[in-house]
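Participant: Sending over entry_27.cif (mmCIF, C-alpha atoms and all ligand atoms).
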```cif
data_target
#
loop_
_atom_site.label_atom_id
_atom_site.label_comp_id
_atom_site.auth_asym_id
_atom_site.auth_seq_id
_atom_site.Cartn_x
_atom_site.Cartn_y
_atom_site.Cartn_z
CA MET J 1 0.00 0.00 0.00
CA ASN J 2 1.44 3.41 -0.85
CA ASP J 3 1.70 6.30 1.55
CA LEU J 4 -1.39 8.25 0.46
CA THR J 5 -3.57 5.12 0.42
CA GLU J 6 -2.50 4.46 4.00
CA LYS J 7 -3.23 8.04 5.02
CA LEU J 8 -6.69 7.87 3.44
CA GLU J 9 -7.40 4.60 5.24
CA SER J 10 -6.25 6.12 8.50
CA ILE J 11 -8.64 9.08 8.10
CA ASN J 12 -11.45 6.65 7.29
CA ALA J 13 -10.61 4.69 10.45
CA ARG J 14 -10.67 7.86 12.58
CA ILE J 15 -14.07 8.78 11.14
CA ALA J 16 -15.40 5.28 11.74
CA ALA J 17 -14.19 5.28 15.35
CA ALA J 18 -15.82 8.65 16.04
CA CYS J 19 -19.05 7.56 14.34
CA ALA J 20 -19.16 4.39 16.44
CA LYS J 21 -19.16 6.46 19.63
CA VAL J 22 -22.37 8.23 18.67
CA GLN J 23 -24.06 5.46 16.64
CA ARG J 24 -23.62 7.15 13.30
CA GLU J 25 -23.02 5.37 10.00
CA PRO J 26 -19.39 5.95 8.88
CA GLY J 27 -20.79 6.58 5.40
CA SER J 28 -22.62 9.66 6.72
CA VAL J 29 -19.34 11.63 6.78
CA ARG J 30 -17.57 12.54 3.55
CA ILE J 31 -13.87 13.32 3.28
CA LEU J 32 -12.94 16.46 1.39
CA ALA J 33 -9.23 16.41 0.51
CA VAL J 34 -7.80 19.91 0.93
CA SER J 35 -5.13 20.11 -1.76
CA LYS J 36 -3.98 23.74 -1.42
CA ARG J 37 -0.19 23.95 -1.83
CA GLN J 38 -0.03 20.24 -2.65
CA THR J 39 1.22 18.96 -5.99
CA VAL J 40 -0.79 17.75 -8.96
CA ALA J 41 1.08 14.44 -8.67
CA ALA J 42 -0.13 14.00 -5.08
CA ILE J 43 -3.72 14.76 -6.12
CA ARG J 44 -3.45 12.11 -8.85
CA GLU J 45 -2.11 9.60 -6.37
CA LEU J 46 -4.91 10.28 -3.90
CA HIS J 47 -7.46 9.98 -6.69
CA THR J 48 -6.01 6.58 -7.58
CA ALA J 49 -6.56 5.63 -3.93
CA GLY J 50 -10.26 6.43 -4.41
CA GLN J 51 -10.62 10.10 -3.42
CA VAL J 52 -12.83 12.20 -5.70
CA ALA J 53 -13.58 15.45 -3.84
CA PHE J 54 -10.77 18.03 -3.56
CA ALA J 55 -10.74 21.57 -2.16
CA GLU J 56 -8.69 24.64 -2.98
CA ASN J 57 -8.37 28.07 -1.33
CA TYR J 58 -6.68 30.17 -4.01
CA VAL J 59 -8.29 30.75 -7.42
CA GLN J 60 -5.14 31.02 -9.53
CA GLU J 61 -3.59 27.89 -8.06
CA ALA J 62 -6.88 26.03 -8.48
CA LEU J 63 -7.27 27.00 -12.15
CA GLU J 64 -3.82 25.63 -12.97
CA LYS J 65 -4.48 22.35 -11.19
CA HIS J 66 -7.95 22.06 -12.69
CA ALA J 67 -6.50 22.39 -16.19
CA GLN J 68 -3.89 19.72 -15.52
CA LEU J 69 -6.35 17.27 -13.96
CA GLN J 70 -9.31 17.60 -16.37
CA ASP J 71 -9.02 13.92 -17.34
CA LEU J 72 -9.89 12.72 -13.82
CA GLY J 73 -13.37 14.25 -13.49
CA LEU J 74 -12.73 15.38 -9.91
CA GLU J 75 -15.28 17.21 -7.76
CA TRP J 76 -13.78 20.64 -6.96
CA HIS J 77 -14.73 22.64 -3.86
CA PHE J 78 -13.73 26.26 -3.29
CA ILE J 79 -13.13 26.92 0.43
CA GLY J 80 -11.17 30.21 0.48
CA PRO J 81 -12.46 33.76 0.85
CA VAL J 82 -14.37 34.77 -2.32
CA GLN J 83 -13.45 38.11 -3.90
CA SER J 84 -16.10 39.50 -6.22
CA ASN J 85 -13.65 39.89 -9.12
CA LYS J 86 -13.03 36.12 -8.97
CA THR J 87 -16.62 34.88 -8.97
CA ARG J 88 -16.78 34.33 -12.75
CA GLU J 89 -13.80 31.97 -12.75
CA ILE J 90 -15.04 30.24 -9.61
CA ALA J 91 -18.54 29.73 -11.04
CA LYS J 92 -17.02 28.26 -14.20
CA THR J 93 -14.50 25.90 -12.61
CA PHE J 94 -15.86 24.60 -9.33
CA ASN J 95 -18.67 22.19 -8.42
CA TRP J 96 -19.04 23.59 -4.90
CA VAL J 97 -18.34 26.88 -3.12
CA GLN J 98 -18.34 26.47 0.67
CA SER J 99 -17.38 30.03 1.56
CA VAL J 100 -20.40 32.13 0.53
CA ASP J 101 -20.73 34.90 3.09
CA ARG J 102 -22.68 37.72 1.48
CA GLU J 103 -25.60 38.30 -0.89
CA LYS J 104 -23.49 40.00 -3.53
CA ILE J 105 -21.25 36.94 -3.85
CA ALA J 106 -24.20 34.52 -3.97
CA LEU J 107 -25.89 36.62 -6.65
CA ARG J 108 -22.78 36.87 -8.81
CA LEU J 109 -22.07 33.13 -8.55
CA SER J 110 -25.64 32.39 -9.60
CA GLN J 111 -25.61 34.84 -12.52
CA GLN J 112 -22.18 33.70 -13.70
CA ARG J 113 -22.78 29.97 -13.51
CA PRO J 114 -22.46 28.95 -17.18
CA ALA J 115 -25.72 28.00 -18.91
CA GLY J 116 -26.12 24.29 -19.44
CA THR J 117 -24.07 23.27 -16.39
CA PRO J 118 -25.65 21.85 -13.23
CA ARG J 119 -26.36 24.33 -10.45
CA LEU J 120 -23.39 25.30 -8.31
CA ASN J 121 -23.55 23.68 -4.86
CA VAL J 122 -22.97 26.22 -2.11
CA CYS J 123 -22.55 26.36 1.65
CA ILE J 124 -22.85 29.45 3.77
CA GLN J 125 -19.72 30.06 5.80
CA VAL J 126 -20.55 30.93 9.39
CA ASN J 127 -18.02 32.72 11.60
CA ILE J 128 -19.00 30.63 14.58
CA ASP J 129 -16.59 32.22 17.08
CA ARG J 130 -17.15 35.78 15.81
CA GLU J 131 -13.50 36.39 14.97
CA ASP J 132 -12.76 39.84 13.57
CA GLN J 133 -10.39 38.72 10.83
CA LYS J 134 -12.31 35.62 9.72
CA SER J 135 -14.67 35.30 6.75
CA GLY J 136 -18.22 34.15 7.28
CA VAL J 137 -21.54 35.57 8.44
CA SER J 138 -22.33 35.90 12.11
CA PRO J 139 -24.60 33.16 13.46
CA GLU J 140 -27.70 35.39 13.54
CA GLU J 141 -27.27 36.29 9.85
CA VAL J 142 -27.20 32.70 8.60
CA LEU J 143 -30.91 32.16 7.98
CA GLN J 144 -31.40 35.42 6.11
CA LEU J 145 -28.50 34.72 3.76
CA ALA J 146 -29.68 31.12 3.39
CA ARG J 147 -33.14 32.24 2.27
CA PHE J 148 -31.64 34.64 -0.24
CA THR J 149 -29.26 31.99 -1.60
CA ASP J 150 -31.87 29.24 -1.75
CA GLN J 151 -34.01 31.13 -4.27
CA LEU J 152 -31.22 31.85 -6.77
CA PRO J 153 -31.61 29.85 -9.99
CA GLY J 154 -27.92 29.06 -10.50
CA LEU J 155 -27.26 27.72 -7.00
CA THR J 156 -28.27 24.82 -4.78
CA LEU J 157 -27.91 25.58 -1.08
CA ARG J 158 -26.29 22.51 0.47
CA GLY J 159 -25.64 23.70 4.01
CA LEU J 160 -23.08 25.35 6.27
CA MET J 161 -19.30 25.46 6.54
CA THR J 162 -17.43 26.61 9.62
CA ILE J 163 -13.90 26.90 11.03
CA PRO J 164 -13.67 27.42 14.82
CA ARG J 165 -11.09 29.71 16.36
CA ALA J 166 -7.65 28.12 15.95
CA SER J 167 -6.65 28.90 19.53
CA ASN J 168 -9.72 27.21 21.07
CA THR J 169 -9.26 24.53 23.70
CA PRO J 170 -10.82 21.19 22.67
CA ASP J 171 -13.71 22.00 24.97
CA GLN J 172 -14.31 25.36 23.27
CA THR J 173 -14.07 23.68 19.86
CA VAL J 174 -16.77 21.20 20.90
CA GLN J 175 -18.99 24.10 21.97
CA SER J 176 -18.41 25.85 18.63
CA PHE J 177 -19.22 22.69 16.67
CA ARG J 178 -22.40 22.19 18.70
CA ARG J 179 -23.53 25.75 18.01
CA ALA J 180 -22.93 25.17 14.31
CA LYS J 181 -24.95 21.95 14.46
CA ARG J 182 -27.87 23.78 16.06
CA LEU J 183 -27.77 26.41 13.29
CA PHE J 184 -27.68 23.62 10.72
CA ASP J 185 -30.75 22.00 12.31
CA GLN J 186 -32.58 25.34 12.08
CA LEU J 187 -31.52 25.73 8.46
CA GLN J 188 -32.85 22.29 7.60
CA VAL J 189 -36.30 23.22 8.89
CA GLU J 190 -36.50 25.91 6.20
CA CYS J 191 -34.38 24.24 3.55
CA PRO J 192 -34.86 20.47 3.88
CA ALA J 193 -32.57 19.89 0.88
CA ALA J 194 -29.58 21.24 2.85
CA ASP J 195 -27.68 18.08 3.72
CA THR J 196 -24.13 19.26 4.42
CA LEU J 197 -22.50 20.44 7.62
CA SER J 198 -18.86 20.99 6.65
CA MET J 199 -16.70 21.11 9.77
CA GLY J 200 -13.62 19.41 11.14
CA MET J 201 -10.01 19.48 9.90
CA SER J 202 -6.95 17.31 10.55
CA ALA J 203 -6.63 18.22 14.22
CA ASP J 204 -10.29 18.13 15.25
CA LEU J 205 -12.17 15.85 12.88
CA GLU J 206 -13.27 13.50 15.69
CA LEU J 207 -14.82 16.34 17.69
CA ALA J 208 -16.62 17.54 14.56
CA VAL J 209 -18.01 14.09 13.78
CA LEU J 210 -19.23 13.66 17.37
CA ALA J 211 -21.08 16.99 17.01
CA GLY J 212 -22.73 16.04 13.71
CA SER J 213 -20.39 17.01 10.87
CA THR J 214 -21.24 15.43 7.51
CA MET J 215 -18.06 16.55 5.72
CA VAL J 216 -14.54 16.87 7.11
CA ARG J 217 -11.94 18.95 5.25
CA ILE J 218 -8.55 17.25 5.59
CA GLY J 219 -5.26 18.64 4.30
CA THR J 220 -2.20 17.89 6.42
CA ASP J 221 -3.19 14.46 7.69
CA LEU J 222 -3.90 13.26 4.14
CA PHE J 223 -1.10 14.82 2.11
CA GLY J 224 1.50 15.65 4.74
CA PRO J 225 2.79 19.20 5.38
CA ARG J 226 2.05 21.83 2.73
CA THR J 227 4.91 23.05 0.54
C1 LIG R 301 -6.40 24.52 4.88
C2 LIG R 301 -7.80 24.28 5.25
C3 LIG R 301 -8.25 23.03 5.74
C4 LIG R 301 -7.32 21.86 5.99
O1 LIG R 301 -6.57 22.03 7.15
P1 LIG R 301 -5.62 20.87 7.73
O2 LIG R 301 -5.40 21.28 9.13
O3 LIG R 301 -4.39 20.86 6.90
O4 LIG R 301 -6.37 19.58 7.64
C5 LIG R 301 -9.59 22.88 6.00
N1 LIG R 301 -10.49 23.88 5.80
C6 LIG R 301 -10.11 25.08 5.35
C7 LIG R 301 -11.13 26.15 5.15
C8 LIG R 301 -8.77 25.33 5.06
O5 LIG R 301 -8.40 26.54 4.62
#
```
Now, as a test, write the supplied structure out as structure tokens.
Ligand SMILES: *Cc1c(COP(=O)(O)O)cnc(C)c1O

Facilitator:
Amino acid sequence: MNDLTEKLESINARIAAACAKVQREPGSVRILAVSKRQTVAAIRELHTAGQVAFAENYVQEALEKHAQLQDLGLEWHFIGPVQSNKTREIAKTFNWVQSVDREKIALRLSQQRPAGTPRLNVCIQVNIDREDQKSGVSPEEVLQLARFTDQLPGLTLRGLMTIPRASNTPDQTVQSFRRAKRLFDQLQVECPAADTLSMGMSADLELAVLAGSTMVRIGTDLFGPRT
């Protein structure tokens, strides 16, 4: 077994162990491979190991990789801050955008999604710990932005994405994940089609799964350190 296959199996085992603790099906949590600052060769290798969904944070880097990996038919997720002058390229290239945090961005992504392509899947990014420098809407703004997004013809609202404060203690991270889960439950009442709660990274994926995450975004523990 090669290195990346082993790493993927190890992430799957961590997810399964966390799921077992709370009687969840391991298949109810998807792995999103965060490939920012990782090589095209590594992405190919992880794809050979069975991984299909990859995430990027920087548009220019993503466009270059996308062009070189067209043959694989990967599912591309954008997870970085969205600048309005980049929405056209993002709407053209990606299958998902997890970092929608204002109406203007949602509207532009919808309008610029090329005709004849499936709707762009989007998540609203929520700034769950109300950090000044972090992207995302505040918790009380989630439902309003969700309603706006849900009626746009070019988009399908899939759920919420969140990144807790990096300096949190594990206990604080659990609290943040639980608050995000409660927001997600409220969102699902209004938008039953929203099926994705994207939370958990290399260091805290177990805590996220225990709290109800349906998608963990893993970079370092899949690929190794970023270049
Ligand atoms: C980089 C990044 C990740 C992956 O982080 P790791 O700690 O390397 O697993 C996940 N989500 C977002 C939004 C990121 O920017």

Participant: I'd like the contact shell of Asp195 (chain J) - 12 Å cut-off, all atoms listed in the file, skipping same-chain residues fewer than 6 positions apart - returned as an NGL selection string.

Facilitator: :J and (28-30 or 121-123 or 156-161 or 181 or 184-185 or 187-189 or 212-215)

Participant: Write out as a compact mmCIF listing (two decimals) with C-alpha atoms, in the coordinates of the input each polymer residue (protein, DNA or RNA) that has an atom no more than 9 Å from ligand LIG 301 (chain R), with only C-alpha atoms and all ligand atoms counted.

Facilitator:
```txt
# COMPACT_ATOMS: atom_id res chain seq x y z
CA LEU J 32 -12.94 16.46 1.39
CA ALA J 33 -9.23 16.41 0.51
CA VAL J 34 -7.80 19.91 0.93
CA SER J 35 -5.13 20.11 -1.76
CA LYS J 36 -3.98 23.74 -1.42
CA ALA J 55 -10.74 21.57 -2.16
CA GLU J 56 -8.69 24.64 -2.98
CA ASN J 57 -8.37 28.07 -1.33
CA PHE J 78 -13.73 26.26 -3.29
CA ILE J 79 -13.13 26.92 0.43
CA GLY J 80 -11.17 30.21 0.48
CA PRO J 81 -12.46 33.76 0.85
CA GLN J 98 -18.34 26.47 0.67
CA SER J 99 -17.38 30.03 1.56
CA MET J 161 -19.30 25.46 6.54
CA THR J 162 -17.43 26.61 9.62
CA ILE J 163 -13.90 26.90 11.03
CA SER J 198 -18.86 20.99 6.65
CA MET J 199 -16.70 21.11 9.77
CA GLY J 200 -13.62 19.41 11.14
CA MET J 201 -10.01 19.48 9.90
CA SER J 202 -6.95 17.31 10.55
CA ALA J 203 -6.63 18.22 14.22
CA ASP J 204 -10.29 18.13 15.25
CA LEU J 205 -12.17 15.85 12.88
CA VAL J 216 -14.54 16.87 7.11
CA ARG J 217 -11.94 18.95 5.25
CA ILE J 218 -8.55 17.25 5.59
CA GLY J 219 -5.26 18.64 4.30
CA THR J 220 -2.20 17.89 6.42
CA ASP J 221 -3.19 14.46 7.69
CA LEU J 222 -3.90 13.26 4.14
CA PHE J 223 -1.10 14.82 2.11
CA GLY J 224 1.50 15.65 4.74
CA PRO J 225 2.79 19.20 5.38
CA ARG J 226 2.05 21.83 2.73
```

Participant: Just checking: using only C-alpha atoms, which residue out of J:Gln133, J:Arg147, J:Ile128, J:Thr227 ends up closest to Arg179 (chain J)?

Facilitator: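 The closest residue to Arg179 (chain J) is J:Ile128.
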
Participant: Which residue is closest to Leu145 (chain J)? Choose from J:Ala180, J:Leu63, J:Leu210, J:Val100 and count only C-alpha atoms.

Facilitator: J:Val100

Participant: Ala17 (chain J): which residues within 9 Å, counting only C-alpha atoms, same-chain residues fewer than 5 positions away excluded, as a tab-separated table (two decimals) with C-alpha atoms, in the frame of the given file?

Facilitator:
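As a result, selection27.tsv now contains:
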```
chain	number	residue	atom	x	y	z
J	12	ASN	CA	-11.45	6.65	7.29
J	26	PRO	CA	-19.39	5.95	8.88
J	206	GLU	CA	-13.27	13.50	15.69
```

Participant: Padding 6 Å on every side, please: axis-aligned box over the listed atoms of region 61-79 of chain J, centre and edge lengths to one decimal in Å, as lines of an AutoDock Vina configuration file.

Facilitator:
```
center_x = -9.4
center_y = 20.3
center_z = -8.5
size_x = 23.7
size_y = 27.2
size_z = 29.8
```

Participant: Given all atoms listed in the file as the basis, pick out the residue of J:Leu207, J:Cys191, J:Ala53, J:Ile43 nearest to Phe177 (chain J).

Facilitator: J:Leu207

Participant: Between J:Ala42, J:Glu103, J:Thr149, J:Leu183, which residue has the minimum interatomic distance to Asn127 (chain J), considering all atoms listed in the file?

Facilitator: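 Looking only at the distances to Asn127 (chain J), the closest residue turns out to be J:Leu183.
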